[in-house]
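What follows is the content of my_file12.txt (compact mmCIF, N, CA and C atoms).
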# COMPACT_ATOMS: atom_id res chain seq x y z
N MET A 1 118.00 140.91 253.12
CA MET A 1 118.15 141.86 252.05
C MET A 1 119.29 141.48 251.10
N ALA A 2 120.46 141.25 251.66
CA ALA A 2 121.60 140.91 250.81
C ALA A 2 122.53 139.92 251.49
N CYS A 3 121.96 139.10 252.39
CA CYS A 3 122.79 138.16 253.14
C CYS A 3 123.43 137.10 252.25
N PHE A 4 122.89 136.90 251.06
CA PHE A 4 123.42 135.88 250.15
C PHE A 4 124.75 136.29 249.52
N ILE A 5 125.13 137.56 249.66
CA ILE A 5 126.35 138.05 249.02
C ILE A 5 127.59 137.42 249.65
N VAL A 6 127.62 137.27 250.96
CA VAL A 6 128.81 136.72 251.63
C VAL A 6 129.07 135.27 251.21
N PRO A 7 128.07 134.37 251.26
CA PRO A 7 128.34 133.01 250.79
C PRO A 7 128.70 132.96 249.30
N ALA A 8 128.12 133.86 248.50
CA ALA A 8 128.44 133.88 247.07
C ALA A 8 129.88 134.30 246.84
N VAL A 9 130.36 135.28 247.59
CA VAL A 9 131.75 135.71 247.46
C VAL A 9 132.69 134.60 247.92
N GLU A 10 132.35 133.95 249.04
CA GLU A 10 133.17 132.83 249.50
C GLU A 10 133.20 131.72 248.46
N ALA A 11 132.05 131.42 247.87
CA ALA A 11 131.98 130.37 246.86
C ALA A 11 132.81 130.74 245.63
N ALA A 12 132.79 131.99 245.23
CA ALA A 12 133.57 132.43 244.07
C ALA A 12 135.06 132.28 244.34
N LEU A 13 135.50 132.71 245.51
CA LEU A 13 136.92 132.59 245.86
C LEU A 13 137.34 131.12 245.95
N LEU A 14 136.48 130.29 246.54
CA LEU A 14 136.81 128.87 246.65
C LEU A 14 136.78 128.18 245.30
N SER A 15 135.94 128.63 244.38
CA SER A 15 135.93 128.05 243.03
C SER A 15 137.26 128.28 242.33
N ILE A 16 137.81 129.47 242.51
CA ILE A 16 139.15 129.75 241.96
C ILE A 16 140.18 128.86 242.62
N ALA A 17 140.09 128.71 243.94
CA ALA A 17 141.03 127.86 244.67
C ALA A 17 140.92 126.41 244.22
N VAL A 18 139.71 125.94 243.95
CA VAL A 18 139.52 124.56 243.48
C VAL A 18 140.24 124.34 242.16
N LYS A 19 140.12 125.28 241.25
CA LYS A 19 140.80 125.14 239.95
C LYS A 19 142.31 125.08 240.12
N LEU A 20 142.85 125.93 240.98
CA LEU A 20 144.29 125.93 241.23
C LEU A 20 144.74 124.62 241.88
N ILE A 21 143.97 124.14 242.83
CA ILE A 21 144.33 122.89 243.53
C ILE A 21 144.20 121.70 242.59
N GLU A 22 143.17 121.69 241.73
CA GLU A 22 143.02 120.61 240.76
C GLU A 22 144.23 120.53 239.84
N ASN A 23 144.67 121.68 239.34
CA ASN A 23 145.85 121.70 238.47
C ASN A 23 147.07 121.17 239.19
N ARG A 24 147.25 121.56 240.44
CA ARG A 24 148.40 121.08 241.22
C ARG A 24 148.32 119.58 241.45
N GLU A 25 147.11 119.08 241.76
CA GLU A 25 146.95 117.64 241.98
C GLU A 25 147.21 116.85 240.69
N LYS A 26 146.76 117.36 239.55
CA LYS A 26 147.02 116.68 238.28
C LYS A 26 148.51 116.63 237.98
N ARG A 27 149.19 117.73 238.26
CA ARG A 27 150.64 117.76 238.03
C ARG A 27 151.36 116.77 238.94
N LEU A 28 150.96 116.72 240.23
CA LEU A 28 151.59 115.78 241.16
C LEU A 28 151.29 114.33 240.78
N LEU A 29 150.07 114.09 240.31
CA LEU A 29 149.69 112.74 239.91
C LEU A 29 150.48 112.29 238.69
N SER A 30 150.71 113.20 237.76
CA SER A 30 151.49 112.83 236.57
C SER A 30 152.95 112.59 236.94
N GLU A 31 153.46 113.33 237.94
CA GLU A 31 154.84 113.11 238.38
C GLU A 31 155.00 111.78 239.09
N THR A 32 153.98 111.38 239.89
CA THR A 32 154.07 110.14 240.64
C THR A 32 153.55 108.95 239.85
N ASN A 33 153.06 109.18 238.65
CA ASN A 33 152.53 108.11 237.83
C ASN A 33 153.61 107.08 237.46
N GLU A 34 154.85 107.50 237.48
CA GLU A 34 155.94 106.59 237.15
C GLU A 34 156.12 105.52 238.22
N ASN A 35 155.79 105.86 239.47
CA ASN A 35 155.93 104.93 240.58
C ASN A 35 154.56 104.29 240.85
N ALA A 36 154.37 103.04 240.56
CA ALA A 36 153.06 102.38 240.64
C ALA A 36 152.56 102.31 242.08
N GLU A 37 153.44 102.09 243.06
CA GLU A 37 152.99 102.00 244.44
C GLU A 37 152.44 103.33 244.92
N THR A 38 153.10 104.41 244.64
CA THR A 38 152.64 105.73 245.05
C THR A 38 151.33 106.05 244.36
N PHE A 39 151.21 105.65 243.11
CA PHE A 39 149.99 105.91 242.35
C PHE A 39 148.81 105.20 242.99
N SER A 40 148.97 103.95 243.41
CA SER A 40 147.86 103.21 244.00
C SER A 40 147.46 103.82 245.33
N VAL A 41 148.41 104.33 246.10
CA VAL A 41 148.07 104.98 247.36
C VAL A 41 147.29 106.25 247.09
N LYS A 42 147.67 107.04 246.09
CA LYS A 42 146.98 108.28 245.76
C LYS A 42 145.55 108.01 245.28
N VAL A 43 145.34 106.90 244.58
CA VAL A 43 144.02 106.60 244.04
C VAL A 43 143.04 106.27 245.17
N ASN A 44 143.51 105.62 246.24
CA ASN A 44 142.64 105.24 247.34
C ASN A 44 142.18 106.43 248.16
N LYS A 45 142.84 107.56 248.07
CA LYS A 45 142.49 108.73 248.85
C LYS A 45 141.77 109.76 247.98
N GLU A 46 140.69 110.29 248.50
CA GLU A 46 139.93 111.29 247.76
C GLU A 46 140.71 112.60 247.71
N PRO A 47 140.83 113.21 246.54
CA PRO A 47 141.59 114.46 246.44
C PRO A 47 140.91 115.60 247.19
N PHE A 48 141.73 116.52 247.70
CA PHE A 48 141.22 117.66 248.45
C PHE A 48 140.35 118.55 247.58
N SER A 49 140.67 118.62 246.29
CA SER A 49 139.87 119.48 245.40
C SER A 49 138.42 119.00 245.34
N ARG A 50 138.21 117.70 245.37
CA ARG A 50 136.85 117.17 245.35
C ARG A 50 136.12 117.50 246.64
N LYS A 51 136.84 117.46 247.76
CA LYS A 51 136.23 117.83 249.04
C LYS A 51 135.86 119.31 249.04
N LEU A 52 136.73 120.13 248.49
CA LEU A 52 136.47 121.56 248.44
C LEU A 52 135.34 121.89 247.46
N LYS A 53 135.18 121.06 246.43
CA LYS A 53 134.07 121.26 245.50
C LYS A 53 132.72 121.07 246.20
N ARG A 54 132.68 120.17 247.18
CA ARG A 54 131.44 120.00 247.94
C ARG A 54 131.07 121.29 248.66
N LEU A 55 132.07 121.93 249.26
CA LEU A 55 131.80 123.19 249.96
C LEU A 55 131.33 124.26 248.99
N THR A 56 131.96 124.37 247.84
CA THR A 56 131.53 125.38 246.87
C THR A 56 130.11 125.08 246.38
N GLY A 57 129.78 123.82 246.23
CA GLY A 57 128.42 123.45 245.83
C GLY A 57 127.39 123.86 246.88
N LEU A 58 127.72 123.62 248.13
CA LEU A 58 126.82 124.03 249.21
C LEU A 58 126.64 125.55 249.22
N LEU A 59 127.74 126.27 249.07
CA LEU A 59 127.68 127.73 249.13
C LEU A 59 126.96 128.32 247.91
N TRP A 60 127.27 127.81 246.70
CA TRP A 60 126.59 128.32 245.51
C TRP A 60 125.09 128.02 245.57
N GLY A 61 124.76 126.80 245.97
CA GLY A 61 123.34 126.43 246.05
C GLY A 61 122.58 127.26 247.06
N GLY A 62 123.16 127.45 248.24
CA GLY A 62 122.50 128.27 249.25
C GLY A 62 122.37 129.71 248.82
N SER A 63 123.40 130.24 248.18
CA SER A 63 123.34 131.63 247.70
C SER A 63 122.26 131.80 246.63
N ALA A 64 122.16 130.84 245.74
CA ALA A 64 121.15 130.92 244.68
C ALA A 64 119.74 130.87 245.27
N LEU A 65 119.53 129.99 246.23
CA LEU A 65 118.20 129.90 246.85
C LEU A 65 117.86 131.18 247.60
N LEU A 66 118.85 131.73 248.32
CA LEU A 66 118.60 132.97 249.05
C LEU A 66 118.35 134.14 248.10
N ALA A 67 119.10 134.21 247.01
CA ALA A 67 118.89 135.28 246.03
C ALA A 67 117.49 135.17 245.43
N PHE A 68 117.07 133.95 245.11
CA PHE A 68 115.72 133.77 244.57
C PHE A 68 114.66 134.18 245.58
N GLU A 69 114.87 133.83 246.84
CA GLU A 69 113.92 134.19 247.89
C GLU A 69 113.83 135.71 248.04
N HIS A 70 114.98 136.38 248.01
CA HIS A 70 114.97 137.84 248.10
C HIS A 70 114.33 138.47 246.87
N PHE A 71 114.54 137.89 245.71
CA PHE A 71 113.89 138.37 244.48
C PHE A 71 112.38 138.19 244.59
N TRP A 72 111.97 137.05 245.10
CA TRP A 72 110.55 136.74 245.25
C TRP A 72 109.85 137.76 246.15
N HIS A 73 110.56 138.20 247.17
CA HIS A 73 109.97 139.15 248.12
C HIS A 73 110.19 140.60 247.72
N GLY A 74 110.77 140.84 246.55
CA GLY A 74 110.92 142.18 246.04
C GLY A 74 112.09 142.96 246.59
N GLU A 75 113.03 142.27 247.24
CA GLU A 75 114.21 142.95 247.79
C GLU A 75 115.31 143.09 246.75
N ILE A 76 115.20 142.32 245.67
CA ILE A 76 116.14 142.41 244.55
C ILE A 76 115.30 142.71 243.32
N GLN A 77 115.80 143.60 242.49
CA GLN A 77 115.09 143.95 241.27
C GLN A 77 116.00 143.73 240.06
N PRO A 78 115.43 143.47 238.90
CA PRO A 78 116.26 143.15 237.73
C PRO A 78 116.86 144.36 237.03
N PHE A 79 116.87 145.51 237.65
CA PHE A 79 117.46 146.71 237.07
C PHE A 79 118.22 147.47 238.16
N PHE A 80 119.04 148.42 237.73
CA PHE A 80 119.90 149.15 238.65
C PHE A 80 119.08 150.08 239.54
N PRO A 81 119.36 150.27 240.79
CA PRO A 81 120.25 149.49 241.65
C PRO A 81 119.56 148.17 242.02
N PHE A 82 120.27 147.10 241.87
CA PHE A 82 119.67 145.76 241.98
C PHE A 82 119.12 145.47 243.36
N LEU A 83 119.74 146.02 244.37
CA LEU A 83 119.24 145.84 245.73
C LEU A 83 118.37 147.05 246.08
N THR A 84 117.13 146.81 246.48
CA THR A 84 116.22 147.92 246.77
C THR A 84 116.67 148.71 247.99
N ALA A 85 117.43 148.11 248.88
CA ALA A 85 117.88 148.80 250.09
C ALA A 85 118.92 149.87 249.80
N VAL A 86 119.52 149.85 248.62
CA VAL A 86 120.54 150.84 248.28
C VAL A 86 119.91 152.22 248.06
N GLY A 87 118.66 152.28 247.72
CA GLY A 87 118.00 153.54 247.42
C GLY A 87 117.79 154.44 248.62
N ASN A 88 117.70 153.88 249.82
CA ASN A 88 117.43 154.65 251.02
C ASN A 88 118.58 154.46 252.01
N PRO A 89 119.20 155.55 252.51
CA PRO A 89 120.35 155.40 253.41
C PRO A 89 120.05 154.60 254.68
N SER A 90 118.85 154.74 255.25
CA SER A 90 118.54 153.96 256.46
C SER A 90 118.41 152.48 256.12
N ASP A 91 117.87 152.17 254.95
CA ASP A 91 117.79 150.77 254.51
C ASP A 91 119.17 150.22 254.20
N THR A 92 120.05 151.07 253.67
CA THR A 92 121.41 150.63 253.37
C THR A 92 122.14 150.23 254.63
N LYS A 93 121.95 150.98 255.70
CA LYS A 93 122.58 150.66 256.98
C LYS A 93 122.08 149.30 257.49
N ALA A 94 120.78 149.07 257.40
CA ALA A 94 120.21 147.79 257.82
C ALA A 94 120.73 146.65 256.95
N MET A 95 120.87 146.91 255.64
CA MET A 95 121.38 145.89 254.72
C MET A 95 122.82 145.52 255.06
N LEU A 96 123.67 146.51 255.31
CA LEU A 96 125.06 146.24 255.65
C LEU A 96 125.17 145.49 256.98
N HIS A 97 124.28 145.82 257.92
CA HIS A 97 124.26 145.10 259.19
C HIS A 97 123.86 143.64 258.98
N GLU A 98 122.88 143.42 258.11
CA GLU A 98 122.45 142.05 257.81
C GLU A 98 123.56 141.26 257.12
N ILE A 99 124.26 141.90 256.20
CA ILE A 99 125.38 141.23 255.52
C ILE A 99 126.44 140.84 256.54
N ALA A 100 126.75 141.77 257.45
CA ALA A 100 127.81 141.52 258.43
C ALA A 100 127.43 140.47 259.47
N THR A 101 126.17 140.38 259.81
CA THR A 101 125.77 139.42 260.84
C THR A 101 125.25 138.12 260.24
N VAL A 102 124.17 138.21 259.50
CA VAL A 102 123.52 137.01 258.97
C VAL A 102 124.36 136.34 257.88
N GLY A 103 124.87 137.12 256.94
CA GLY A 103 125.65 136.56 255.85
C GLY A 103 126.91 135.87 256.33
N VAL A 104 127.64 136.53 257.22
CA VAL A 104 128.88 135.95 257.74
C VAL A 104 128.58 134.71 258.58
N SER A 105 127.54 134.78 259.42
CA SER A 105 127.23 133.61 260.26
C SER A 105 126.77 132.42 259.41
N MET A 106 125.99 132.68 258.35
CA MET A 106 125.59 131.57 257.47
C MET A 106 126.80 130.93 256.81
N SER A 107 127.71 131.75 256.32
CA SER A 107 128.92 131.21 255.68
C SER A 107 129.74 130.40 256.67
N LEU A 108 129.89 130.91 257.87
CA LEU A 108 130.67 130.18 258.88
C LEU A 108 130.01 128.86 259.25
N ILE A 109 128.71 128.87 259.41
CA ILE A 109 128.00 127.64 259.78
C ILE A 109 128.14 126.59 258.68
N VAL A 110 127.94 126.99 257.44
CA VAL A 110 128.07 126.04 256.33
C VAL A 110 129.50 125.50 256.25
N THR A 111 130.49 126.37 256.43
CA THR A 111 131.88 125.94 256.36
C THR A 111 132.23 125.02 257.51
N VAL A 112 131.75 125.30 258.71
CA VAL A 112 132.02 124.44 259.87
C VAL A 112 131.36 123.08 259.68
N ILE A 113 130.13 123.06 259.21
CA ILE A 113 129.44 121.78 258.98
C ILE A 113 130.18 120.98 257.91
N TRP A 114 130.62 121.65 256.84
CA TRP A 114 131.42 120.97 255.80
C TRP A 114 132.71 120.42 256.42
N GLY A 115 133.36 121.20 257.28
CA GLY A 115 134.60 120.75 257.92
C GLY A 115 134.38 119.51 258.78
N ILE A 116 133.30 119.49 259.54
CA ILE A 116 132.98 118.32 260.37
C ILE A 116 132.70 117.12 259.48
N MET A 117 131.92 117.34 258.42
CA MET A 117 131.59 116.26 257.50
C MET A 117 132.86 115.71 256.82
N THR A 118 133.74 116.60 256.42
CA THR A 118 134.99 116.19 255.78
C THR A 118 135.89 115.44 256.75
N PHE A 119 135.93 115.88 258.01
CA PHE A 119 136.72 115.20 259.03
C PHE A 119 136.21 113.79 259.26
N ILE A 120 134.90 113.64 259.37
CA ILE A 120 134.32 112.31 259.58
C ILE A 120 134.58 111.41 258.38
N LEU A 121 134.41 111.94 257.17
CA LEU A 121 134.69 111.14 255.98
C LEU A 121 136.16 110.76 255.88
N GLY A 122 137.05 111.66 256.32
CA GLY A 122 138.49 111.34 256.34
C GLY A 122 138.81 110.21 257.31
N LYS A 123 138.15 110.23 258.47
CA LYS A 123 138.34 109.14 259.44
C LYS A 123 137.87 107.81 258.85
N MET A 124 136.71 107.84 258.18
CA MET A 124 136.19 106.63 257.56
C MET A 124 137.11 106.16 256.44
N GLU A 125 137.66 107.11 255.69
CA GLU A 125 138.58 106.79 254.60
C GLU A 125 139.84 106.12 255.13
N ARG A 126 140.39 106.66 256.21
CA ARG A 126 141.59 106.06 256.81
C ARG A 126 141.31 104.67 257.36
N ARG A 127 140.14 104.51 257.99
CA ARG A 127 139.79 103.20 258.53
C ARG A 127 139.64 102.18 257.41
N ASN A 128 139.00 102.58 256.32
CA ASN A 128 138.83 101.67 255.18
C ASN A 128 140.17 101.32 254.54
N SER A 129 141.07 102.31 254.43
CA SER A 129 142.37 102.02 253.84
C SER A 129 143.19 101.12 254.74
N SER A 130 143.05 101.26 256.06
CA SER A 130 143.78 100.36 256.96
C SER A 130 143.20 98.95 256.89
N ASP A 131 141.88 98.85 256.70
CA ASP A 131 141.26 97.52 256.52
C ASP A 131 141.75 96.88 255.23
N ILE A 132 141.87 97.67 254.16
CA ILE A 132 142.35 97.15 252.89
C ILE A 132 143.80 96.70 253.01
N ASN A 133 144.62 97.51 253.70
CA ASN A 133 146.02 97.13 253.90
C ASN A 133 146.15 95.87 254.74
N ALA A 134 145.26 95.71 255.74
CA ALA A 134 145.27 94.50 256.55
C ALA A 134 144.91 93.28 255.71
N LEU A 135 143.93 93.44 254.81
CA LEU A 135 143.56 92.33 253.92
C LEU A 135 144.68 91.99 252.97
N LYS A 136 145.39 93.00 252.48
CA LYS A 136 146.52 92.74 251.59
C LYS A 136 147.61 91.99 252.33
N GLY A 137 147.82 92.34 253.58
CA GLY A 137 148.83 91.66 254.40
C GLY A 137 148.47 90.22 254.67
N GLU A 138 147.16 89.96 254.92
CA GLU A 138 146.71 88.58 255.16
C GLU A 138 146.84 87.75 253.89
N SER A 139 146.51 88.33 252.74
CA SER A 139 146.59 87.56 251.50
C SER A 139 148.04 87.27 251.13
N ALA A 140 148.95 88.17 251.54
CA ALA A 140 150.36 87.94 251.25
C ALA A 140 150.91 86.80 252.10
N LEU A 141 150.35 86.62 253.31
CA LEU A 141 150.81 85.57 254.20
C LEU A 141 150.31 84.21 253.77
N SER A 142 149.14 84.15 253.18
CA SER A 142 148.57 82.85 252.81
C SER A 142 149.00 82.38 251.45
Spit out the file's structure as structure tokens when you get a sec.
Amino acid sequence: MACFIVPAVEAALLSIAVKLIENREKRLLSETNENAETFSVKVNKEPFSRKLKRLTGLLWGGSALLAFEHFWHGEIQPFFPFLTAVGNPSDTKAMLHEIATVGVSMSLIVTVIWGIMTFILGKMERRNSSDINALKGESALS
């Protein structure tokens, strides 16, 4: 009925957080731009804002698909009250239960999967950077 609301709210809050983090990263990058070594290290690492953008993309996309599916089945209408379950108190109770169970669990699952994916990519990123540093060390010796 309205399970898409929880991921949409999470995505909206994270979109705001992404903007704030991007601004902070730009400011830090401009401060460290004077030091070339620090700048090259920062360039090799993917910024956290980009990782968080992936999560917001997953959440926005899933919410949009779920909203369309609910619209298709007549659970959402293009006029007030937008959710058909709001009109009947017994349906409202079922809707709130669905939001609390299905919506929250979907958001948690998507966030956990994103966290695992980000952790694995971070491990690969560190391994690649250590390989690059090893190559730089070998070229310096020869």
Worksheet entry | Spatial neighbours of segment 54-56 of chain A, max dist 8 Å, all atoms listed in the file, sep filter under 4 positions, as a ChimeraX atom specification | /A:10-12,14-15,48-50,60-62,110-111,114-115
Worksheet item: Mind listing as a ChimeraX atom specification all residues within 6 Å of (117.4, 146.4, 254.7), counting only N, CA and C atoms?
Response: /A:1,85,91-92,94-95
Item to complete: Find the spatial neighbours of segment 101-109 of chain A, counting only N, CA and C atoms, within a cut-off of 5 Å - ignore same-chain residues fewer than 4 positions away - and output them as a PyMOL selection string.
Response: chain A and resi 3+97+113
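Of the listed residues A:Ile116, A:Leu52, A:Val86, A:Leu29, the one whose atoms come nearest to Ala17 of chain A is A:Leu52, with distances taken using all atoms listed in the file.
One distance worth recording is that between atom CA of Gly122 of chain A and atom CA of Ala8 of chain A, which is 26.4 Å.
Of note, atom CA of Thr118 of chain A and atom CA of Lys53 of chain A are spaced 11.5 Å apart.
With distances restricted to only C-alpha atoms, A:Lys45 is the closest residue to Arg127 of chain A from A:Lys45, A:Leu28, A:Leu66, A:Pro78.
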